[in-house]
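Structure file work17.csv; described as CSV, C-alpha atoms.
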chain,number,residue,atom,x,y,z
R,1,MET,CA,-40.1,37.4,51.9
R,2,GLU,CA,-36.7,36.2,50.7
R,3,GLU,CA,-36.9,32.5,50.2
R,4,GLU,CA,-34.3,30.1,51.6
R,5,ALA,CA,-31.4,29.6,49.3
R,6,GLN,CA,-31.6,26.2,47.7
R,7,SER,CA,-28.4,25.2,46.1
R,8,SER,CA,-29.5,21.6,45.6
R,9,GLY,CA,-25.9,20.7,45.3
R,10,VAL,CA,-25.5,22.1,41.8
R,11,ILE,CA,-22.7,24.7,41.4
R,12,LYS,CA,-22.7,26.7,38.2
R,13,LYS,CA,-20.4,29.4,36.9
R,14,PHE,CA,-22.5,32.6,37.2
R,15,LEU,CA,-21.2,35.7,35.4
R,16,TYR,CA,-22.8,39.0,36.0
R,17,ILE,CA,-21.9,41.4,33.2
R,18,ASN,CA,-22.2,45.1,34.0
R,19,ARG,CA,-22.0,47.3,31.0
R,20,ARG,CA,-23.9,50.4,31.9
R,21,ALA,CA,-23.0,53.6,33.8
R,22,PRO,CA,-23.8,53.5,37.6
R,23,HIS,CA,-26.2,56.4,37.4
R,24,GLY,CA,-28.7,57.5,34.8
R,25,THR,CA,-30.5,54.2,34.9
R,26,ILE,CA,-31.3,51.7,37.6
R,27,TYR,CA,-29.6,48.7,36.0
R,28,ALA,CA,-26.3,48.8,37.9
R,29,HIS,CA,-28.1,49.3,41.2
R,30,GLU,CA,-30.5,46.4,40.6
R,31,ALA,CA,-27.7,44.2,39.2
R,32,LEU,CA,-25.9,44.6,42.5
R,33,GLU,CA,-29.0,43.6,44.4
R,34,THR,CA,-29.1,40.4,42.4
R,35,VAL,CA,-25.5,39.7,43.1
R,36,LEU,CA,-26.1,40.1,46.9
R,37,ILE,CA,-29.1,37.8,46.9
R,38,GLY,CA,-27.3,35.4,44.6
R,39,ALA,CA,-24.4,35.2,47.0
R,40,ALA,CA,-26.5,33.1,49.4
R,41,PHE,CA,-26.7,30.3,46.8
R,42,GLU,CA,-23.1,29.3,47.0
R,43,GLN,CA,-22.5,29.4,43.3
R,44,ASP,CA,-19.2,30.1,41.5
R,45,VAL,CA,-19.7,33.9,41.0
R,46,THR,CA,-17.8,36.3,38.8
R,47,LEU,CA,-18.5,39.9,38.0
R,48,ALA,CA,-17.3,41.5,34.8
R,49,PHE,CA,-17.3,45.3,34.1
R,50,LEU,CA,-17.0,46.5,30.5
R,51,ASP,CA,-18.1,49.5,28.4
R,52,ASP,CA,-19.6,52.2,30.6
R,53,GLY,CA,-19.9,49.5,33.3
R,54,VAL,CA,-16.4,50.4,34.4
R,55,PHE,CA,-17.7,53.7,35.8
R,56,GLN,CA,-19.6,51.6,38.4
R,57,LEU,CA,-16.3,51.0,40.2
R,58,LYS,CA,-15.1,54.7,40.0
R,59,LYS,CA,-13.7,56.0,43.2
R,60,ASN,CA,-15.3,58.9,45.1
R,61,GLN,CA,-18.7,58.8,43.7
R,62,ASP,CA,-21.1,61.4,45.0
R,63,THR,CA,-24.8,61.3,44.1
R,64,SER,CA,-26.0,64.0,46.6
R,65,GLU,CA,-26.7,66.5,43.8
R,66,ILE,CA,-28.9,64.1,41.8
R,67,GLY,CA,-30.8,62.7,44.8
R,68,THR,CA,-30.2,59.0,44.0
R,69,LYS,CA,-28.7,56.4,46.3
R,70,ASN,CA,-25.0,56.1,46.3
R,71,PHE,CA,-24.6,52.4,46.2
R,72,SER,CA,-20.9,52.5,45.1
R,73,LYS,CA,-19.6,51.5,48.5
R,74,THR,CA,-21.3,48.2,48.2
R,75,TYR,CA,-18.8,46.9,45.7
R,76,ALA,CA,-16.1,47.0,48.4
R,77,ALA,CA,-18.4,44.9,50.6
R,78,LEU,CA,-18.8,42.1,48.1
R,79,GLU,CA,-15.8,40.4,49.5
R,80,MET,CA,-17.8,39.8,52.7
R,81,TYR,CA,-20.3,37.9,50.6
R,82,ASP,CA,-17.6,35.7,49.1
R,83,VAL,CA,-17.9,37.5,45.8
R,84,GLU,CA,-14.2,38.0,45.1
R,85,LYS,CA,-13.7,37.6,41.4
R,86,LEU,CA,-14.1,41.0,39.7
R,87,TYR,CA,-12.8,41.5,36.2
R,88,VAL,CA,-12.5,44.8,34.3
R,89,GLU,CA,-11.9,45.0,30.6
R,90,LYS,CA,-8.8,46.9,29.8
R,91,GLU,CA,-10.0,48.3,26.5
R,92,SER,CA,-13.1,49.8,28.3
R,93,LEU,CA,-10.8,51.5,30.8
R,94,ASP,CA,-8.5,52.8,28.1
R,95,GLN,CA,-11.3,54.3,26.1
R,96,ARG,CA,-12.4,56.2,29.1
R,97,GLY,CA,-9.0,57.4,30.2
R,98,MET,CA,-9.1,55.3,33.3
R,99,THR,CA,-6.6,53.1,35.1
R,100,ALA,CA,-6.7,50.7,38.1
R,101,ASP,CA,-6.0,53.8,40.3
R,102,ASP,CA,-9.4,55.2,39.4
R,103,LEU,CA,-11.2,52.1,40.8
R,104,SER,CA,-12.5,51.8,44.4
R,105,VAL,CA,-11.9,48.0,44.7
R,106,ASP,CA,-9.3,45.4,43.8
R,107,VAL,CA,-10.0,43.9,40.4
R,108,LYS,CA,-8.3,41.9,37.8
R,109,ILE,CA,-7.8,43.8,34.6
R,110,ILE,CA,-8.1,41.6,31.5
R,111,ASN,CA,-8.2,42.4,27.8
R,112,ALA,CA,-11.1,41.8,25.4
R,113,ASP,CA,-9.9,38.4,24.3
R,114,GLU,CA,-9.6,37.2,27.9
R,115,MET,CA,-13.1,38.7,28.6
R,116,LYS,CA,-14.4,36.7,25.6
R,117,LYS,CA,-12.9,33.6,27.1
R,118,LEU,CA,-14.4,34.3,30.5
R,119,ILE,CA,-17.9,34.8,28.9
R,120,ASN,CA,-17.5,31.6,26.9
R,121,GLU,CA,-16.6,29.6,30.0
R,122,SER,CA,-19.5,30.8,32.1
R,123,GLU,CA,-22.8,28.8,32.4
R,124,VAL,CA,-25.3,31.4,33.6
R,125,ILE,CA,-24.8,34.9,32.3
R,126,LEU,CA,-26.8,37.8,33.6
R,127,ASN,CA,-26.2,40.9,31.5
R,128,PHE,CA,-27.2,44.2,33.1
Q,1,MET,CA,-34.5,21.7,26.9
Q,2,LYS,CA,-35.5,23.5,30.1
Q,3,PHE,CA,-35.5,27.3,29.7
Q,4,GLY,CA,-35.4,30.0,32.3
Q,5,ILE,CA,-36.6,33.4,31.0
Q,6,LEU,CA,-35.6,36.8,32.3
Q,7,VAL,CA,-37.6,39.8,31.2
Q,8,ASN,CA,-35.9,43.1,32.0
Q,9,GLU,CA,-38.1,45.7,30.3
Q,10,GLY,CA,-41.7,46.9,30.7
Q,11,PRO,CA,-44.4,46.3,28.2
Q,12,TYR,CA,-45.0,48.4,25.1
Q,13,THR,CA,-42.0,50.8,25.5
Q,14,HIS,CA,-39.6,48.0,24.6
Q,15,GLN,CA,-39.9,45.0,22.4
Q,16,ALA,CA,-38.2,42.8,25.0
Q,17,SER,CA,-41.3,41.5,26.6
Q,18,ASP,CA,-42.9,40.8,23.1
Q,19,SER,CA,-39.7,38.9,22.2
Q,20,ALA,CA,-39.8,37.0,25.5
Q,21,TYR,CA,-43.4,36.0,24.9
Q,22,LEU,CA,-42.9,34.9,21.3
Q,23,PHE,CA,-39.8,32.9,22.3
Q,24,THR,CA,-41.6,31.2,25.2
Q,25,LYS,CA,-44.5,30.3,22.9
Q,26,ALA,CA,-42.2,28.9,20.2
Q,27,ALA,CA,-40.2,27.0,22.8
Q,28,ILE,CA,-43.4,25.4,24.2
Q,29,GLU,CA,-44.7,24.6,20.7
Q,30,ASP,CA,-41.4,22.9,20.0
Q,31,GLY,CA,-41.8,20.7,23.1
Q,32,HIS,CA,-39.4,22.5,25.4
Q,33,GLU,CA,-40.0,23.2,29.1
Q,34,ILE,CA,-40.2,26.6,30.6
Q,35,TYR,CA,-38.9,26.4,34.2
Q,36,ARG,CA,-39.8,29.9,35.1
Q,37,ILE,CA,-40.3,33.4,33.7
Q,38,PHE,CA,-38.8,36.1,36.0
Q,39,PHE,CA,-39.6,39.8,35.6
Q,40,TYR,CA,-37.0,42.3,36.8
Q,41,HIS,CA,-36.3,46.0,36.5
Q,42,ASP,CA,-39.3,47.7,34.6
Q,43,GLY,CA,-40.2,44.2,33.5
Q,44,VAL,CA,-42.3,43.9,36.6
Q,45,ASN,CA,-44.9,46.1,34.8
Q,46,ASN,CA,-45.7,43.2,32.6
Q,47,GLY,CA,-47.7,41.9,35.5
Q,48,THR,CA,-50.2,44.8,35.9
Q,49,ARG,CA,-53.9,43.7,35.5
Q,50,LEU,CA,-54.9,47.4,35.2
Q,51,ALA,CA,-53.5,47.9,31.7
Q,52,THR,CA,-56.1,48.9,29.1
Q,53,PRO,CA,-54.4,49.0,25.7
Q,54,PRO,CA,-56.4,50.0,22.6
Q,55,GLN,CA,-58.5,47.2,21.4
Q,56,ASP,CA,-56.6,46.8,18.1
Q,57,ASP,CA,-53.4,46.3,20.0
Q,58,ARG,CA,-52.1,43.2,21.9
Q,59,HIS,CA,-52.8,43.0,25.6
Q,60,ILE,CA,-49.4,42.2,27.0
Q,61,PRO,CA,-50.3,41.3,30.6
Q,62,ASN,CA,-53.4,39.3,29.6
Q,63,ARG,CA,-51.3,37.5,27.0
Q,64,TRP,CA,-48.8,36.4,29.8
Q,65,THR,CA,-51.7,35.3,32.0
Q,66,GLU,CA,-53.3,33.2,29.2
Q,67,LEU,CA,-49.9,31.6,28.3
Q,68,ALA,CA,-49.3,30.8,31.9
Q,69,LYS,CA,-52.8,29.3,32.4
Q,70,GLU,CA,-52.6,27.1,29.3
Q,71,ASN,CA,-49.1,25.8,30.0
Q,72,GLU,CA,-48.7,26.0,33.8
Q,73,ILE,CA,-45.9,28.5,33.6
Q,74,ASP,CA,-44.5,30.1,36.7
Q,75,LEU,CA,-44.5,33.9,36.3
Q,76,VAL,CA,-42.5,35.6,39.0
Q,77,VAL,CA,-42.3,39.3,39.6
Q,78,CYS,CA,-39.3,40.5,41.7
Q,79,VAL,CA,-40.5,41.8,45.0
Q,80,ALA,CA,-37.8,44.5,45.4
Q,81,ALA,CA,-38.3,45.8,41.8
Q,82,ALA,CA,-42.1,45.6,42.3
Q,83,GLN,CA,-42.1,47.5,45.5
Q,84,ARG,CA,-40.2,50.4,43.9
Q,85,ARG,CA,-42.6,50.5,41.0
Q,86,GLY,CA,-45.9,50.0,42.7
Q,87,MET,CA,-46.7,46.4,41.6
Q,88,VAL,CA,-48.7,45.0,44.5
Q,89,ASP,CA,-50.4,41.7,45.2
Q,90,PRO,CA,-53.0,41.3,48.1
Q,91,ASP,CA,-50.2,40.1,50.5
Q,92,GLU,CA,-48.0,43.1,49.7
Q,93,MET,CA,-51.0,45.4,49.9
Q,94,LYS,CA,-51.6,44.3,53.5
Q,95,ARG,CA,-47.9,44.2,54.5
Q,96,ASN,CA,-47.2,47.7,53.2
Q,97,GLY,CA,-50.6,49.3,54.2
Q,98,LYS,CA,-51.6,50.1,50.6
Q,99,ASP,CA,-55.2,50.6,49.5
Q,100,ALA,CA,-55.1,48.6,46.3
Q,101,ASN,CA,-53.4,45.8,44.5
Q,102,ASN,CA,-52.7,45.3,40.8
Q,103,LEU,CA,-51.0,42.0,40.1
Q,104,ALA,CA,-52.5,40.1,37.2
Q,105,GLU,CA,-53.7,36.5,37.5
Q,106,ASN,CA,-51.1,33.7,37.4
Q,107,PHE,CA,-48.3,36.1,38.4
Q,108,ARG,CA,-46.7,35.9,41.8
Q,109,ILE,CA,-44.4,38.2,43.7
Q,110,SER,CA,-41.2,36.7,45.1
Q,111,GLY,CA,-37.5,37.3,45.7
Q,112,LEU,CA,-34.5,37.5,43.5
Q,113,GLY,CA,-33.5,34.0,44.7
Q,114,GLN,CA,-36.1,32.8,42.2
Q,115,LEU,CA,-34.0,34.2,39.4
Q,116,ILE,CA,-30.8,32.6,40.7
Q,117,GLU,CA,-32.7,29.3,41.2
Q,118,ALA,CA,-33.9,29.5,37.6
Q,119,GLY,CA,-30.2,30.0,36.5
Q,120,ILE,CA,-29.2,26.9,38.5
Q,121,GLN,CA,-32.1,24.6,37.5
Q,122,ALA,CA,-32.7,25.5,33.8
Q,123,ASP,CA,-30.4,24.3,31.0
Q,124,ARG,CA,-30.4,27.9,29.6
Q,125,LEU,CA,-31.3,31.2,31.1
Q,126,ILE,CA,-32.3,33.6,28.3
Q,127,THR,CA,-32.4,37.3,29.0
Q,128,PHE,CA,-34.7,39.7,27.2
Q,129,GLY,CA,-33.8,43.3,27.6
Q,130,ASP,CA,-32.0,46.2,26.0
Can you present the structure in this file as structure tokens?
Amino acid sequence: MEEEAQSSGVIKKFLYINRRAPHGTIYAHEALETVLIGAAFEQDVTLAFLDDGVFQLKKNQDTSEIGTKNFSKTYAALEMYDVEKLYVEKESLDQRGMTADDLSVDVKIINADEMKKLINESEVILNF
Amino acid sequence: MKFGILVNEGPYTHQASDSAYLFTKAAIEDGHEIYRIFFYHDGVNNGTRLATPPQDDRHIPNRWTELAKENEIDLVVCVAAAQRRGMVDPDEMKRNGKDANNLAENFRISGLGQLIEAGIQADRLITFGD
């Protein structure tokens, strides 16, 4: 069913903005599915995590008691899809009492001003 | 300008699909091109032909179908999101052994690659969601 990736030679700066908690709604899970499919298109891909979206990268997630899929390990596999630019907003971490040590993957932590710059420099923004 | 449209919420519960419809209509009236409209998350429910809203209310799926017919717009429902939520076309019905299908006219089911492609090909990709 998945169609052939047609890059047609155009490379755009894609930014996936993840702002919601990983569980409670399906947005984070389906955003990740978009990133994985999108990886086949050889675009310039960046992921940003802000607001409750920083919880998506929280270590040691366990969904067994709520009966939903634990997709959190997929973030660590993104590297294999050549998705390597992951940015987390510092203010969002601070507000939630989190640090880089709480995260399951290597990310670059940037402040709100740098995040703003990143968003401004992106061409295709998918906000989940 | 060439627009790609992403609809992330279902009909009636959220205003997102109304806004997407009104934006699309206004863009066409202003002479812009709509490269594709992609329905994701609960947005896939915009494509059900089994909706029967009260007569004094707008019929959201029919409205999409008519807009697509009049303007040759590509309405794409994400296959992964559709399978989860029971949006089925005749091919998917056969493939998954279902006894019914419910996809409205002028909609088609395809993969997320169609969304990425819209991002690449359109001048602007506009998201309608919460």
| request: Quick one: everything within 9 Å of Asp106 in chain R, counting all atoms listed in the file, minus sequence neighbours fewer than 5 positions away in the same chain. Send it as a PyMOL selection string. | output: chain R and resi 76+84+86+100
| Distance in Å - CA of Phe71 in chain R versus CA of Gly86 in chain Q |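 Going from CA of Phe71 in chain R over to CA of Gly86 in chain Q covers 21.7 Å.
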Shell around Leu57 in chain R at 10 Å using all atoms listed in the file, local window under 3 positions removed, as a PDB file with C-alpha atoms, in the coordinates of the input:
ATOM      1  CA  ALA R  21     -23.000  53.600  33.800  1.00  0.00           C
ATOM      2  CA  PRO R  22     -23.800  53.500  37.600  1.00  0.00           C
ATOM      3  CA  PHE R  49     -17.300  45.300  34.100  1.00  0.00           C
ATOM      4  CA  GLY R  53     -19.900  49.500  33.300  1.00  0.00           C
ATOM      5  CA  VAL R  54     -16.400  50.400  34.400  1.00  0.00           C
ATOM      6  CA  ASN R  60     -15.300  58.900  45.100  1.00  0.00           C
ATOM      7  CA  GLN R  61     -18.700  58.800  43.700  1.00  0.00           C
ATOM      8  CA  SER R  72     -20.900  52.500  45.100  1.00  0.00           C
ATOM      9  CA  LYS R  73     -19.600  51.500  48.500  1.00  0.00           C
ATOM     10  CA  THR R  74     -21.300  48.200  48.200  1.00  0.00           C
ATOM     11  CA  TYR R  75     -18.800  46.900  45.700  1.00  0.00           C
ATOM     12  CA  ALA R  76     -16.100  47.000  48.400  1.00  0.00           C
ATOM     13  CA  VAL R  88     -12.500  44.800  34.300  1.00  0.00           C
ATOM     14  CA  ALA R 100      -6.700  50.700  38.100  1.00  0.00           C
ATOM     15  CA  ASP R 102      -9.400  55.200  39.400  1.00  0.00           C
ATOM     16  CA  LEU R 103     -11.200  52.100  40.800  1.00  0.00           C
ATOM     17  CA  SER R 104     -12.500  51.800  44.400  1.00  0.00           C
ATOM     18  CA  VAL R 105     -11.900  48.000  44.700  1.00  0.00           C
ATOM     19  CA  ASP R 106      -9.300  45.400  43.800  1.00  0.00           C
ATOM     20  CA  VAL R 107     -10.000  43.900  40.400  1.00  0.00           C
TER      21      VAL R 107
END
Enumerate, in order of chain and increasing residue number, the residues of chain Q with an atom no farther than 12 Å from chain R, each with its shortest atom pair and distance in Å to one decimal, counting only C-alpha atoms, as CSV.
residue,atom,partner,partner_atom,distance
Q:Phe3,CA,R:Val124,CA,11.7
Q:Gly4,CA,R:Val124,CA,10.3
Q:Ile5,CA,R:Leu126,CA,11.1
Q:Leu6,CA,R:Leu126,CA,9.0
Q:Val7,CA,R:Leu126,CA,11.2
Q:Asn8,CA,R:Phe128,CA,8.8
Q:Glu9,CA,R:Tyr27,CA,10.7
Q:Tyr40,CA,R:Glu30,CA,8.6
Q:His41,CA,R:Glu30,CA,7.1
Q:Asp42,CA,R:Ile26,CA,9.4
Q:Gly43,CA,R:Tyr27,CA,11.8
Q:Cys78,CA,R:Thr34,CA,10.2
Q:Val79,CA,R:Met1,CA,8.2
Q:Ala80,CA,R:Glu33,CA,8.9
Q:Ala81,CA,R:Glu30,CA,7.9
Q:Ala82,CA,R:Glu30,CA,11.8
Q:Arg84,CA,R:Ile26,CA,11.0
Q:Arg85,CA,R:Ile26,CA,11.9
Q:Asp91,CA,R:Met1,CA,10.5
Q:Glu92,CA,R:Met1,CA,10.0
Q:Arg95,CA,R:Met1,CA,10.7
Q:Ile109,CA,R:Met1,CA,9.3
Q:Ser110,CA,R:Met1,CA,6.9
Q:Gly111,CA,R:Glu2,CA,5.2
Q:Leu112,CA,R:Thr34,CA,6.2
Q:Gly113,CA,R:Ile37,CA,6.2
Q:Gln114,CA,R:Glu3,CA,8.0
Q:Leu115,CA,R:Thr34,CA,8.5
Q:Ile116,CA,R:Gly38,CA,5.9
Q:Glu117,CA,R:Gln6,CA,7.3
Q:Ala118,CA,R:Val124,CA,9.7
Q:Gly119,CA,R:Val124,CA,5.9
Q:Ile120,CA,R:Lys12,CA,6.5
Q:Gln121,CA,R:Val10,CA,8.3
Q:Ala122,CA,R:Val124,CA,9.5
Q:Asp123,CA,R:Glu123,CA,8.9
Q:Arg124,CA,R:Val124,CA,7.4
Q:Leu125,CA,R:Val124,CA,6.5
Q:Ile126,CA,R:Ile125,CA,8.6
Q:Thr127,CA,R:Leu126,CA,7.3
Q:Phe128,CA,R:Asn127,CA,9.6
Q:Gly129,CA,R:Phe128,CA,8.6
Q:Asp130,CA,R:Phe128,CA,8.8
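Minimum atom-to-atom distances from R:Thr25, R:Asn70, R:Thr99, R:Thr46 to Tyr87 in chain R were compared using all atoms listed in the file, and the lowest value belongs to R:Thr46.
One distance worth recording is that between CA of Thr48 in chain Q and CA of Lys25 in chain Q, which is 20.3 Å.
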| Atom pair CA of Arg49 in chain Q / CA of Glu105 in chain Q: separation (Å) |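 Calculated distance between CA of Arg49 in chain Q and CA of Glu105 in chain Q is 7.5 Å.
Counting all atoms listed in the file and comparing Q:Ala51, Q:Ala68, Q:Ala16, Q:Met93, the residue that lies closest to Ile28 in chain Q is Q:Ala68.
Residue nearest Ile66 in chain R, chosen from R:Gly24, R:Leu47, R:Met98, R:Ala112 and counting all atoms listed in the file: R:Gly24.
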